$ cat model-v5.cif   # mmCIF, C-alpha atoms
data_query
#
loop_
_atom_site.label_atom_id
_atom_site.label_comp_id
_atom_site.auth_asym_id
_atom_site.auth_seq_id
_atom_site.Cartn_x
_atom_site.Cartn_y
_atom_site.Cartn_z
CA MET A 1494 7.63 6.65 0.12
CA GLU A 1495 9.19 8.36 -2.84
CA ASP A 1496 7.56 7.63 -6.20
CA THR A 1497 10.79 6.14 -7.56
CA VAL A 1498 11.08 3.79 -4.60
CA ALA A 1499 7.44 2.73 -4.97
CA TYR A 1500 7.97 2.23 -8.70
CA LYS A 1501 10.98 -0.01 -7.97
CA GLU A 1502 8.92 -2.18 -5.61
CA TYR A 1503 6.21 -2.72 -8.22
CA LEU A 1504 8.82 -3.41 -10.94
CA ALA A 1505 10.70 -5.85 -8.69
CA GLY A 1506 7.43 -7.68 -8.07
CA LEU A 1507 6.67 -7.86 -11.78
CA ILE A 1508 10.11 -9.34 -12.51
CA ALA A 1509 9.72 -11.80 -9.62
CA GLY A 1510 6.35 -12.92 -11.00
CA VAL A 1511 7.75 -13.56 -14.48
CA ALA A 1512 10.73 -15.46 -13.04
CA THR A 1513 8.38 -17.54 -10.91
CA VAL A 1514 6.38 -18.65 -13.95
CA ILE A 1515 9.46 -19.36 -16.07
CA THR A 1516 10.93 -21.66 -13.45
CA GLY A 1517 7.84 -23.07 -11.77
CA HIS A 1518 5.18 -23.48 -14.46
CA PRO A 1519 6.49 -26.80 -15.86
CA PHE A 1520 6.39 -28.31 -12.36
CA ASP A 1521 2.88 -26.96 -11.85
CA THR A 1522 1.74 -28.38 -15.19
CA VAL A 1523 2.97 -31.85 -14.20
CA LYS A 1524 1.28 -31.54 -10.79
CA VAL A 1525 -2.04 -30.47 -12.30
CA LYS A 1526 -1.95 -33.24 -14.92
CA LEU A 1527 -1.16 -35.83 -12.24
CA GLN A 1528 -4.08 -34.56 -10.18
CA LYS A 1529 -6.48 -34.44 -13.11
CA HIS A 1530 -5.59 -37.61 -14.99
CA ASN A 1531 -4.47 -40.11 -12.36
CA THR A 1532 -7.97 -41.29 -11.68
CA GLU A 1533 -9.82 -44.35 -12.89
CA ALA A 1534 -12.34 -42.13 -14.71
CA HIS A 1535 -9.77 -40.64 -17.09
CA GLY A 1536 -7.98 -43.85 -18.04
CA ILE A 1537 -4.52 -42.25 -18.05
CA LYS A 1538 -2.08 -43.38 -15.44
CA TYR A 1539 1.24 -41.71 -14.85
CA ARG A 1540 3.70 -43.74 -12.80
CA ASN A 1541 5.28 -40.58 -11.34
CA GLY A 1542 6.22 -37.00 -12.13
CA LEU A 1543 9.06 -37.97 -14.45
CA HIS A 1544 6.81 -40.30 -16.44
CA CYS A 1545 4.24 -37.52 -16.75
CA THR A 1546 6.92 -35.02 -17.83
CA ALA A 1547 8.30 -37.44 -20.44
CA ARG A 1548 4.81 -38.05 -21.83
CA ILE A 1549 4.06 -34.35 -22.06
CA ILE A 1550 7.32 -33.70 -23.91
CA LYS A 1551 6.78 -36.69 -26.22
CA THR A 1552 3.20 -35.81 -27.15
CA GLU A 1553 3.22 -32.01 -26.93
CA GLY A 1554 6.88 -30.99 -26.91
CA VAL A 1555 8.44 -28.64 -24.36
CA LYS A 1556 5.66 -26.21 -25.24
CA GLY A 1557 3.27 -28.60 -23.47
CA LEU A 1558 5.00 -27.93 -20.16
CA TYR A 1559 4.10 -24.26 -20.56
CA ARG A 1560 0.44 -24.84 -21.56
CA GLY A 1561 -1.63 -22.23 -19.74
CA ALA A 1562 1.44 -20.09 -19.03
CA THR A 1563 0.07 -16.97 -20.73
CA SER A 1564 -2.51 -16.39 -18.03
CA SER A 1565 0.12 -17.30 -15.43
CA PHE A 1566 2.58 -14.74 -16.80
CA VAL A 1567 -0.04 -12.02 -16.74
CA GLY A 1568 -1.54 -13.09 -13.43
CA MET A 1569 1.72 -13.69 -11.57
CA ALA A 1570 3.40 -10.55 -12.92
CA PHE A 1571 0.42 -8.44 -11.91
CA GLU A 1572 -0.05 -10.30 -8.62
CA SER A 1573 3.60 -10.09 -7.56
CA SER A 1574 3.84 -6.48 -8.62
CA LEU A 1575 0.81 -5.60 -6.49
CA LEU A 1576 2.02 -7.76 -3.62
CA PHE A 1577 5.47 -6.15 -3.47
CA GLY A 1578 4.17 -2.61 -4.00
CA ILE A 1579 1.15 -2.68 -1.70
CA TYR A 1580 3.07 -4.49 1.03
CA SER A 1581 5.89 -1.95 0.88
CA GLN A 1582 3.58 1.07 0.85
CA THR A 1583 1.38 -0.29 3.65
CA LYS A 1584 4.42 -1.10 5.76
CA GLN A 1585 5.82 2.38 5.30
CA SER A 1586 2.45 3.98 6.11
CA LEU A 1587 2.19 1.99 9.32
CA GLN A 1588 5.74 2.88 10.32
CA GLU A 1589 5.21 6.59 9.66
CA GLY A 1590 1.71 6.76 11.14
CA VAL A 1591 2.48 5.54 14.64
CA HIS A 1592 5.95 5.13 16.05
CA SER A 1593 9.24 4.55 14.34
CA ASP A 1594 10.07 1.98 17.03
CA MET A 1595 6.87 -0.01 16.42
CA PRO A 1596 7.50 -3.78 16.86
CA VAL A 1597 8.07 -5.65 13.60
CA PRO A 1598 5.02 -8.00 13.86
CA GLN A 1599 2.69 -4.99 14.29
CA VAL A 1600 3.91 -3.68 10.95
CA ILE A 1601 4.57 -6.82 8.91
CA ILE A 1602 1.43 -8.79 9.74
CA PRO A 1603 -1.13 -6.11 8.77
CA SER A 1604 0.93 -5.18 5.69
CA ALA A 1605 1.09 -8.79 4.52
CA ALA A 1606 -2.60 -9.43 5.27
CA TYR A 1607 -3.74 -6.32 3.41
CA SER A 1608 -1.59 -6.96 0.33
CA GLY A 1609 -2.59 -10.66 0.29
CA ALA A 1610 -6.27 -9.80 0.46
CA ILE A 1611 -5.96 -7.38 -2.45
CA ILE A 1612 -4.07 -9.78 -4.73
CA SER A 1613 -6.52 -12.64 -4.14
CA PHE A 1614 -8.82 -10.89 -6.62
CA VAL A 1615 -6.13 -11.37 -9.29
CA LEU A 1616 -4.78 -14.75 -8.18
CA CYS A 1617 -7.99 -16.79 -8.06
CA PRO A 1618 -9.25 -16.07 -11.60
CA SER A 1619 -5.78 -16.39 -13.17
CA GLU A 1620 -5.20 -19.74 -11.39
CA LEU A 1621 -8.53 -21.07 -12.65
CA LEU A 1622 -7.67 -20.16 -16.25
CA LYS A 1623 -4.16 -21.59 -15.90
CA CYS A 1624 -5.44 -24.94 -14.60
CA ARG A 1625 -8.09 -25.21 -17.30
CA MET A 1626 -5.54 -24.48 -20.01
CA GLN A 1627 -3.05 -26.97 -18.54
CA VAL A 1628 -5.38 -29.95 -18.46
CA GLN A 1629 -6.88 -29.57 -21.89
CA GLY A 1630 -3.77 -30.88 -23.69
CA THR A 1631 -3.57 -31.56 -27.38
CA GLY A 1632 -4.03 -35.33 -27.43
CA SER A 1633 -7.04 -37.32 -28.52
CA LEU A 1634 -8.39 -37.47 -24.96
CA VAL A 1635 -9.96 -34.03 -25.18
CA PRO A 1636 -12.27 -33.46 -28.15
CA LYS A 1637 -11.11 -30.60 -30.32
CA LEU A 1638 -14.47 -28.83 -29.90
CA SER A 1639 -14.07 -28.61 -26.12
CA ARG A 1640 -10.58 -27.07 -26.22
CA TYR A 1641 -9.93 -23.41 -25.58
CA SER A 1642 -8.13 -21.47 -28.30
CA GLY A 1643 -6.29 -19.43 -25.65
CA PRO A 1644 -6.60 -17.84 -22.21
CA LEU A 1645 -9.02 -15.17 -23.41
CA ASP A 1646 -11.29 -17.80 -24.98
CA CYS A 1647 -11.08 -19.81 -21.74
CA ALA A 1648 -12.01 -16.74 -19.68
CA LEU A 1649 -14.92 -15.82 -21.94
CA GLN A 1650 -16.29 -19.38 -22.02
CA THR A 1651 -15.95 -19.69 -18.24
CA VAL A 1652 -17.78 -16.44 -17.58
CA LYS A 1653 -20.44 -17.31 -20.17
CA SER A 1654 -21.10 -20.79 -18.77
CA GLU A 1655 -20.50 -20.21 -15.05
CA GLY A 1656 -20.77 -16.48 -14.48
CA VAL A 1657 -18.28 -14.15 -12.81
CA ARG A 1658 -18.95 -15.24 -9.25
CA ARG A 1659 -18.36 -18.95 -9.84
CA SER A 1660 -15.46 -18.45 -12.27
CA SER A 1661 -13.24 -17.07 -9.53
CA VAL A 1662 -13.71 -20.07 -7.25
CA HIS A 1663 -12.21 -23.40 -8.30
#

$ encode --input "model-v5.cif" --output "structure tokens"
Amino acid sequence: MEDTVAYKEYLAGLIAGVATVITGHPFDTVKVKLQKHNTEAHGIKYRNGLHCTARIIKTEGVKGLYRGATSSFVGMAFESSLLFGIYSQTKQSLQEGVHSDMPVPQVIIPSAAYSGAIISFVLCPSELLKCRMQVQGTGSLVPKLSRYSGPLDCALQTVKSEGVRRSSVH
């Protein structure tokens, strides 16, 4: 694969990752808050996704829908970039290494599996940070002392309290 073609695959992945977070993060925030808070233990009850969204906007503003997005932007951009690039390069290597008429599943499946395995090392930690940032909120439910000041603070506190091995599994 030419360097410029490989570069384009990684760049396309990066752009796809950013676009994914811009469009999908508010939905993910609502989902995570519904999962976290719709229990008897937390005392908050959302009637549905729209009620949850309205409450987030009322109490935190639109910014609240993007809580935790910084780690998502970094994680998804990096993850998608790697996914697109590694998949493309692996696929081309498999096609060049054996036969040009190799059946599609014998090229696509190993390429997808390999690239997916590699990106899991980026995806798992960034998802953990994103979820922790999303549920902390700004309301009176979470004491100010237990809030993270940002994704880096969240990462450092997680590693300090749980270690590297546990921090990547949520």

$ closest_residue --input "model-v5.cif" --among "A:Gly1578, A:Gly1517, A:Pro1644, A:Pro1598" --to "Ala1499 in chain A" --atoms "all atoms listed in the file"
A:Gly1578

$ atom_distance --input "model-v5.cif" --atom1 "CA of Ser1604 in chain A" --atom2 "CA of Ala1570 in chain A"
19.5 Å

$ atom_distance --input "model-v5.cif" --atom1 "CA of Val1511 in chain A" --atom2 "CA of Phe1571 in chain A"
9.3 Å

$ residues_around --input "model-v5.cif" --residues "Pro1603 in chain A" --least-positions-apart "6" --cutoff "10 Å" --atoms "only C-alpha atoms" --output "PDB file with C-alpha atoms, in the frame of the given file"
ATOM      1  CA  TYR A1580       3.070  -4.490   1.030  1.00  0.00           C
ATOM      2  CA  THR A1583       1.380  -0.290   3.650  1.00  0.00           C
ATOM      3  CA  LYS A1584       4.420  -1.100   5.760  1.00  0.00           C
ATOM      4  CA  LEU A1587       2.190   1.990   9.320  1.00  0.00           C
ATOM      5  CA  GLY A1609      -2.590 -10.660   0.290  1.00  0.00           C
TER       6      GLY A1609
END

$ closest_residue --input "model-v5.cif" --among "A:Asn1541, A:Ser1565, A:Thr1546, A:Thr1522" --to "Gly1510 in chain A" --atoms "all atoms listed in the file"
A:Ser1565

$ closest_residue --input "model-v5.cif" --among "A:Cys1624, A:Ser1613, A:Cys1647, A:Phe1566" --to "Leu1507 in chain A" --atoms "all atoms listed in the file"
A:Phe1566

$ residues_around --input "model-v5.cif" --residues "Glu1620 in chain A" --least-positions-apart "3" --cutoff "8 Å" --atoms "all atoms listed in the file" --output "PyMOL selection string"
chain A and resi 1564-1565+1568+1616-1617+1623-1624

$ atom_distance --input "model-v5.cif" --atom1 "CA of Lys1556 in chain A" --atom2 "CA of Leu1645 in chain A"
18.5 Å

$ residues_around --input "model-v5.cif" --residues "Val1555 in chain A" --least-positions-apart "3" --cutoff "12 Å" --atoms "only C-alpha atoms" --output "PDB file with C-alpha atoms, in the coordinates of the input"
ATOM      1  CA  HIS A1518       5.180 -23.480 -14.460  1.00  0.00           C
ATOM      2  CA  PRO A1519       6.490 -26.800 -15.860  1.00  0.00           C
ATOM      3  CA  THR A1522       1.740 -28.380 -15.190  1.00  0.00           C
ATOM      4  CA  VAL A1523       2.970 -31.850 -14.200  1.00  0.00           C
ATOM      5  CA  THR A1546       6.920 -35.020 -17.830  1.00  0.00           C
ATOM      6  CA  ALA A1547       8.300 -37.440 -20.440  1.00  0.00           C
ATOM      7  CA  ARG A1548       4.810 -38.050 -21.830  1.00  0.00           C
ATOM      8  CA  ILE A1549       4.060 -34.350 -22.060  1.00  0.00           C
ATOM      9  CA  ILE A1550       7.320 -33.700 -23.910  1.00  0.00           C
ATOM     10  CA  LYS A1551       6.780 -36.690 -26.220  1.00  0.00           C
ATOM     11  CA  THR A1552       3.200 -35.810 -27.150  1.00  0.00           C
ATOM     12  CA  LEU A1558       5.000 -27.930 -20.160  1.00  0.00           C
ATOM     13  CA  TYR A1559       4.100 -24.260 -20.560  1.00  0.00           C
ATOM     14  CA  ARG A1560       0.440 -24.840 -21.560  1.00  0.00           C
TER      15      ARG A1560
END

$ closest_residue --input "model-v5.cif" --among "A:Glu1553, A:Ala1562, A:Val1597, A:Ser1574" --to "Thr1516 in chain A" --atoms "all atoms listed in the file"
A:Ala1562

$ closest_residue --input "model-v5.cif" --among "A:His1530, A:Thr1651, A:Val1657, A:Tyr1607" --to "Leu1575 in chain A" --atoms "all atoms listed in the file"
A:Tyr1607

$ closest_residue --input "model-v5.cif" --among "A:Arg1625, A:Gly1554, A:Phe1614, A:Tyr1503" --to "Gln1650 in chain A" --atoms "all atoms listed in the file"
A:Arg1625

$ residues_around --input "model-v5.cif" --residues "Ala1505 in chain A" --least-positions-apart "3" --cutoff "9 Å" --atoms "only C-alpha atoms" --output "ChimeraX atom specification"
/A:1500-1502,1508-1510,1573-1574,1577-1578

$ write_last_selection --input "model-v5.cif" --atoms "C-alpha atoms" --output "PDB file, in the frame of the given file"
ATOM      1  CA  TYR A1500       7.970   2.230  -8.700  1.00  0.00           C
ATOM      2  CA  LYS A1501      10.980  -0.010  -7.970  1.00  0.00           C
ATOM      3  CA  GLU A1502       8.920  -2.180  -5.610  1.00  0.00           C
ATOM      4  CA  ILE A1508      10.110  -9.340 -12.510  1.00  0.00           C
ATOM      5  CA  ALA A1509       9.720 -11.800  -9.620  1.00  0.00           C
ATOM      6  CA  GLY A1510       6.350 -12.920 -11.000  1.00  0.00           C
ATOM      7  CA  SER A1573       3.600 -10.090  -7.560  1.00  0.00           C
ATOM      8  CA  SER A1574       3.840  -6.480  -8.620  1.00  0.00           C
ATOM      9  CA  PHE A1577       5.470  -6.150  -3.470  1.00  0.00           C
ATOM     10  CA  GLY A1578       4.170  -2.610  -4.000  1.00  0.00           C
TER      11      GLY A1578
END
